[in-house]
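As provided, start_31.tsv (TSV, C-alpha atoms) reads as follows.
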chain	number	residue	atom	x	y	z
A	6	MET	CA	169.44	102.75	186.05
A	7	ASN	CA	169.59	103.97	189.64
A	8	ARG	CA	166.99	105.29	192.07
A	9	ASP	CA	167.70	108.94	191.29
A	10	GLU	CA	167.24	108.42	187.54
A	11	LEU	CA	163.96	106.59	188.14
A	12	ARG	CA	162.71	109.43	190.30
A	13	THR	CA	163.76	111.95	187.66
A	14	LEU	CA	161.92	110.02	184.97
A	15	ARG	CA	158.77	109.80	187.09
A	16	ALA	CA	158.91	113.52	187.92
A	17	LEU	CA	159.38	114.52	184.27
A	18	GLU	CA	156.53	112.22	183.23
A	19	ALA	CA	154.29	113.77	185.86
A	20	ILE	CA	155.22	117.31	184.76
A	21	GLU	CA	154.59	116.53	181.10
A	22	SER	CA	151.18	114.99	181.82
A	23	GLY	CA	150.20	117.77	184.21
A	24	GLU	CA	149.94	115.38	187.19
A	25	VAL	CA	152.08	117.55	189.49
A	26	LYS	CA	149.51	119.48	191.48
A	27	SER	CA	151.79	120.11	194.43
A	28	GLN	CA	155.15	118.99	195.75
A	29	ARG	CA	153.32	117.21	198.56
A	30	GLU	CA	151.55	114.97	196.04
A	31	LEU	CA	154.80	114.41	194.16
A	32	ALA	CA	156.57	113.47	197.39
A	33	LYS	CA	153.86	110.91	198.12
A	34	ASP	CA	154.07	109.52	194.60
A	35	LEU	CA	157.87	109.20	194.75
A	36	ASN	CA	157.73	107.86	198.31
A	37	ILE	CA	160.08	110.53	199.65
A	38	SER	CA	159.75	113.27	202.26
A	39	LEU	CA	158.35	116.68	201.37
A	40	GLY	CA	161.71	118.32	202.10
A	41	LEU	CA	163.52	115.89	199.83
A	42	ALA	CA	160.95	116.42	197.09
A	43	ASN	CA	161.46	120.18	197.35
A	44	ALA	CA	165.26	119.83	197.05
A	45	PHE	CA	164.85	117.30	194.24
A	46	MET	CA	162.62	119.61	192.19
A	47	LYS	CA	164.96	122.56	192.73
A	48	ARG	CA	167.84	120.46	191.40
A	49	LEU	CA	165.85	119.50	188.30
A	50	ALA	CA	164.92	123.15	187.77
A	51	ARG	CA	168.59	124.20	188.00
A	52	LYS	CA	169.36	121.67	185.28
A	53	GLY	CA	166.81	123.41	183.10
A	54	TYR	CA	164.37	120.50	182.82
A	55	PHE	CA	161.29	122.60	183.57
A	56	LYS	CA	160.08	126.13	184.22
A	57	ILE	CA	157.61	127.33	186.82
A	58	SER	CA	154.60	129.39	185.82
A	59	THR	CA	152.56	131.35	188.37
A	60	ILE	CA	149.72	132.30	186.03
A	61	PRO	CA	147.19	132.61	187.54
A	62	LYS	CA	148.84	133.92	190.72
A	63	ASN	CA	147.22	131.40	193.05
A	64	ARG	CA	148.38	128.41	191.05
A	65	VAL	CA	151.85	127.00	190.36
A	66	LYS	CA	152.32	125.13	187.11
A	67	TYR	CA	155.42	123.24	185.98
A	68	LEU	CA	156.29	123.39	182.26
A	69	LEU	CA	158.66	120.90	180.69
A	70	THR	CA	161.45	122.54	178.65
A	71	PRO	CA	163.06	121.14	175.46
A	72	GLU	CA	165.99	120.05	177.65
A	73	GLY	CA	163.54	118.27	179.94
A	74	VAL	CA	161.92	116.54	176.97
A	75	ARG	CA	165.33	115.30	175.78
A	76	GLU	CA	166.22	114.04	179.26
A	77	LYS	CA	162.87	112.29	179.60
A	78	SER	CA	163.40	110.58	176.22
A	79	ARG	CA	166.89	109.45	177.27
A	80	LEU	CA	165.68	108.10	180.60
A	81	THR	CA	162.73	106.35	178.95
A	82	TYR	CA	165.15	104.55	176.63
A	83	GLU	CA	167.33	103.59	179.60
A	84	TYR	CA	164.24	102.42	181.47
A	85	VAL	CA	163.19	100.11	178.62
A	86	ARG	CA	166.73	98.78	178.26
A	87	TYR	CA	167.01	98.20	181.99
A	88	SER	CA	163.56	96.59	182.04
A	89	ILE	CA	164.72	93.97	179.57
A	90	GLY	CA	167.89	93.34	181.56
A	91	PHE	CA	165.96	93.13	184.82
A	92	TYR	CA	163.45	90.68	183.34
A	93	ARG	CA	166.26	88.46	182.07
A	94	GLU	CA	167.99	88.53	185.44
A	95	ILE	CA	164.84	87.68	187.39
A	96	LYS	CA	164.02	84.96	184.87
A	97	GLU	CA	167.49	83.43	185.29
A	98	ILE	CA	167.23	83.55	189.08
A	99	LEU	CA	163.77	81.95	189.17
A	100	LEU	CA	164.52	79.26	186.61
A	101	SER	CA	167.73	78.34	188.43
A	102	LEU	CA	165.91	78.23	191.76
A	103	PHE	CA	163.02	76.10	190.49
A	104	THR	CA	165.39	73.70	188.72
A	105	ARG	CA	167.34	73.21	191.95
A	106	LEU	CA	164.19	72.70	194.01
A	107	GLN	CA	162.83	70.20	191.51
A	108	ASP	CA	166.11	68.27	191.56
A	109	GLU	CA	165.85	68.18	195.35
A	110	GLY	CA	162.42	66.60	195.10
A	111	VAL	CA	160.41	69.61	196.29
A	112	GLN	CA	156.75	69.04	195.48
A	113	ARG	CA	154.85	72.10	196.68
A	114	ILE	CA	155.75	75.77	197.01
A	115	ALA	CA	153.73	78.80	198.14
A	116	LEU	CA	154.16	82.38	196.96
A	117	TYR	CA	154.11	85.33	199.34
A	118	GLY	CA	153.22	88.51	197.47
A	119	SER	CA	151.18	89.14	194.32
A	120	GLY	CA	153.20	91.64	192.29
A	121	GLU	CA	155.03	91.29	188.98
A	122	VAL	CA	157.78	89.11	190.46
A	123	ALA	CA	155.12	86.74	191.80
A	124	GLU	CA	153.53	86.64	188.35
A	125	LEU	CA	156.87	85.70	186.77
A	126	ALA	CA	157.41	83.06	189.44
A	127	TYR	CA	153.98	81.60	188.73
A	128	LEU	CA	154.59	81.46	184.97
A	129	PHE	CA	158.03	79.85	185.28
A	130	LEU	CA	156.73	77.40	187.86
A	131	GLN	CA	154.45	75.96	185.16
A	132	ASN	CA	157.52	74.51	183.45
A	133	THR	CA	158.31	72.31	186.45
A	134	TYR	CA	156.65	69.46	188.33
A	135	ILE	CA	156.39	71.62	191.45
A	136	LYS	CA	152.81	72.41	192.46
A	137	LEU	CA	151.66	75.81	193.65
A	138	ALA	CA	150.35	75.39	197.19
A	139	GLY	CA	148.77	78.83	197.25
A	140	VAL	CA	149.37	82.56	196.95
A	141	PHE	CA	149.44	84.62	200.13
A	142	ASP	CA	149.42	88.37	200.51
A	143	GLU	CA	149.51	91.08	203.14
A	144	GLN	CA	146.12	92.36	201.94
A	145	PRO	CA	144.28	89.68	199.95
A	146	ASP	CA	141.03	91.69	199.74
A	147	GLY	CA	139.12	88.85	198.07
A	148	ARG	CA	141.25	89.01	194.91
A	149	GLU	CA	142.31	86.19	192.63
A	150	PHE	CA	145.74	85.50	191.18
A	151	PHE	CA	145.73	83.39	188.00
A	152	GLY	CA	142.67	81.55	189.23
A	153	HIS	CA	143.98	81.15	192.79
A	154	LYS	CA	142.20	83.00	195.57
A	155	LEU	CA	144.64	85.16	197.49
A	156	GLU	CA	144.89	84.14	201.12
A	157	SER	CA	146.08	86.07	204.14
A	158	TYR	CA	149.74	85.55	205.03
A	159	GLU	CA	148.54	84.52	208.49
A	160	GLU	CA	147.34	81.25	206.96
A	161	LEU	CA	150.80	80.33	205.69
A	162	ALA	CA	151.75	78.40	208.81
A	163	ASN	CA	148.90	75.99	208.02
A	164	SER	CA	149.78	75.67	204.35
A	165	ARG	CA	150.93	72.27	203.15
A	166	CYS	CA	154.05	73.35	201.27
A	167	ASP	CA	157.75	72.61	201.33
A	168	TYR	CA	158.87	76.22	200.87
A	169	VAL	CA	157.52	79.75	200.80
A	170	LEU	CA	158.99	82.05	198.13
A	171	LEU	CA	159.00	85.66	199.30
A	172	THR	CA	158.50	87.68	196.11
A	173	GLU	CA	158.30	91.15	197.69
A	174	THR	CA	161.23	93.45	196.92
A	175	GLU	CA	160.52	96.26	199.38
A	176	ASP	CA	161.03	95.87	203.14
A	177	VAL	CA	162.15	92.29	202.66
A	178	GLN	CA	163.28	91.90	206.26
A	179	ARG	CA	159.90	93.11	207.54
A	180	HIS	CA	158.06	90.56	205.41
A	181	TYR	CA	160.53	87.85	206.42
A	182	ASP	CA	160.02	88.61	210.13
A	183	ARG	CA	156.26	88.60	209.60
A	184	LEU	CA	156.36	85.10	208.13
A	185	VAL	CA	158.49	83.85	210.99
A	186	HIS	CA	156.11	85.50	213.47
A	187	VAL	CA	153.10	83.58	212.11
A	188	GLY	CA	154.96	80.29	212.42
A	189	VAL	CA	156.72	79.69	209.10
A	190	GLU	CA	160.04	77.91	209.65
A	191	ARG	CA	163.04	80.06	208.77
A	192	ASP	CA	164.59	77.31	206.68
A	193	CYS	CA	161.40	77.16	204.60
A	194	ILE	CA	161.51	80.81	203.51
A	195	LEU	CA	163.20	81.62	200.21
A	196	HIS	CA	163.72	85.10	198.78
A	197	LEU	CA	165.48	86.42	195.70
A	198	ARG	CA	168.47	87.86	197.54
A	199	ASP	CA	169.45	84.32	198.51
A	200	GLN	CA	169.53	83.28	194.85
A	201	THR	CA	171.77	86.05	193.46
A	202	THR	CA	175.11	84.46	194.32
A	203	GLY	CA	176.57	85.44	190.95
A	204	VAL	CA	175.38	89.02	191.11
A	205	SER	CA	177.28	91.83	192.80
A	206	GLY	CA	175.85	93.48	195.91
A	207	ARG	CA	175.43	96.75	194.04
A	208	ARG	CA	173.59	94.98	191.23
A	209	GLN	CA	171.30	93.23	193.74
A	210	LYS	CA	170.44	96.55	195.36
A	211	GLU	CA	169.77	98.20	191.99
A	212	ALA	CA	167.57	95.28	190.94
A	213	ALA	CA	165.53	95.54	194.12
A	214	VAL	CA	165.15	99.32	193.72
A	215	PHE	CA	164.21	98.93	190.07
A	216	CYS	CA	161.63	96.25	190.79
A	217	SER	CA	160.03	98.46	193.42
A	218	GLN	CA	159.74	101.36	190.96
A	219	LEU	CA	158.57	99.02	188.19
A	220	LEU	CA	155.65	97.88	190.33
A	221	LYS	CA	154.63	101.45	191.07
A	222	ARG	CA	154.84	102.50	187.43
A	223	SER	CA	152.79	99.48	186.37
A	224	LYS	CA	150.11	100.28	188.94
A	225	ARG	CA	149.86	103.83	187.63
A	226	ARG	CA	149.57	102.67	184.02
A	227	ASN	CA	146.77	100.26	184.80
A	228	GLY	CA	144.91	102.43	187.29
A	229	GLN	CA	145.02	99.55	189.74
A	230	HIS	CA	147.21	96.49	189.95
A	231	ASN	CA	144.78	94.07	188.32
A	232	HIS	CA	145.37	92.07	185.15
A	233	ASN	CA	142.79	90.31	183.03
A	234	THR	CA	145.01	87.25	182.91
A	235	GLY	CA	146.06	87.39	186.51
A	236	LEU	CA	144.78	89.45	189.39
A	237	THR	CA	141.09	90.33	189.50
A	238	ASN	CA	138.68	91.71	192.04
A	239	LYS	CA	135.74	89.68	193.15
Before anything else, please render the file you have as structure tokens.
Amino acid sequence: MNRDELRTLRALEAIESGEVKSQRELAKDLNISLGLANAFMKRLARKGYFKISTIPKNRVKYLLTPEGVREKSRLTYEYVRYSIGFYREIKEILLSLFTRLQDEGVQRIALYGSGEVAELAYLFLQNTYIKLAGVFDEQPDGREFFGHKLESYEELANSRCDYVLLTETEDVQRHYDRLVHVGVERDCILHLRDQTTGVSGRRQKEAAVFCSQLLKRSKRRNGQHNHNTGLTNK
């Protein structure tokens, strides 16, 4: 499932639920420019996925067509199927990484980021002898992550850990540079792209794109990215 299909699914979901108030809001939700959102919606309209109602005159309303409902159902199925495949791939990558680190005698590892990938990393880490040194985030905001208080990434240089696992999937280079800037040794930073040696470049890119969209969809479903078993506000 590629980026365009994910955007189409999100747009059709928003139209069906009545969330599309304006193309500006949709552009913000899809993280694209207003011009691109306008062209994107025109393309979906040409495919017959929705109709535009101007009743009353001062309000534009998008109405999903039967063709749009069918396309949304197809994309939802693909999304679920891809979700399962993505989970399996991430699981394989993390388990392989943690097994290798354990065999190398690594004792402590820190996580940078607090999204779904970080949650998976935390859960799989429990099956090893490696200890979690802490969870660090760009905006900790006093939250907790599976009982661990989130700390600012600026504290990572003082953390007593062997490695830092970068679990973010968007702007990876920016996060990497940020860690280096605060004093984390380059050789101590691990991120998922380094672990996908058996995965094609296209597949790596798709996985990163999918993970990014998965996080956004999960945040929308839950209202905020907090889980009773994981992340909570204090």
Q) atom CA of A:Ile57 to atom CA of A:Ser27: how many Å, to one decimal? A) 12.0 Å
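Excluding stretch 110-115 of chain A itself and same-chain residues fewer than 5 positions from it, the residues having an atom within 9 Å of it are Arg105, Tyr134, Ile135, Lys136, Leu137, Ala138, Gly139, Val140, Phe141, Leu161, Ser164, Arg165, Cys166, Asp167, Tyr168, Val169, Leu170 and Leu171 of chain A, counting all atoms listed in the file.
With all atoms listed in the file as the atoms that count, the minimum distance from A:Thr81 to the choices A:Lys33, A:Lys96, A:Lys56, A:Arg15 is reached by A:Arg15.
Across the model, the gap from atom CA of A:Thr172 to atom CA of A:Ser101 is 15.2 Å.
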Q: Show me as JSON, numbers by chain the residues that reach within 10 Å of (159.0, 118.1, 183.3), counting all atoms listed in the file and using the file's own coordinates.
A: {"A": [13, 14, 15, 16, 17, 18, 19, 20, 21, 22, 23, 25, 46, 49, 50, 53, 54, 55, 56, 57, 67, 68, 69, 70, 71, 72, 73, 74, 76, 77]}
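If you measure from each of A:Val122, A:Leu195, A:Val65, A:Leu128 to A:Phe91 using all atoms listed in the file, the closest one turns out to be A:Val122.
Each of A:Thr104, A:Asn132, A:Ser38, A:Ser157 was checked against A:Val187 using only C-alpha atoms; the smallest atom-to-atom distance is that of A:Ser157.
The spacing separating atom CA of A:Asp142 from atom CA of A:Asn7 amounts to 27.7 Å.
Take the candidates A:Leu116, A:Met6, A:Ile95, A:Ala42 and check each one against A:Tyr82 using all atoms listed in the file; the shortest distance goes to A:Met6.
Distances here use all atoms listed in the file; by that measure, the residue among A:Gln144, A:Ser119, A:Thr133, A:Ser58 closest to A:Thr174 is A:Ser119.
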Around stretch 83-100 of chain A, with edges along x, y and z and 4 Å added on all six sides, what centre and edge lengths do you get, in Å to one decimal, as JSON?
{"center_x": 165.6, "center_y": 91.4, "center_z": 183.7, "size_x": 12.8, "size_y": 32.3, "size_z": 18.9}
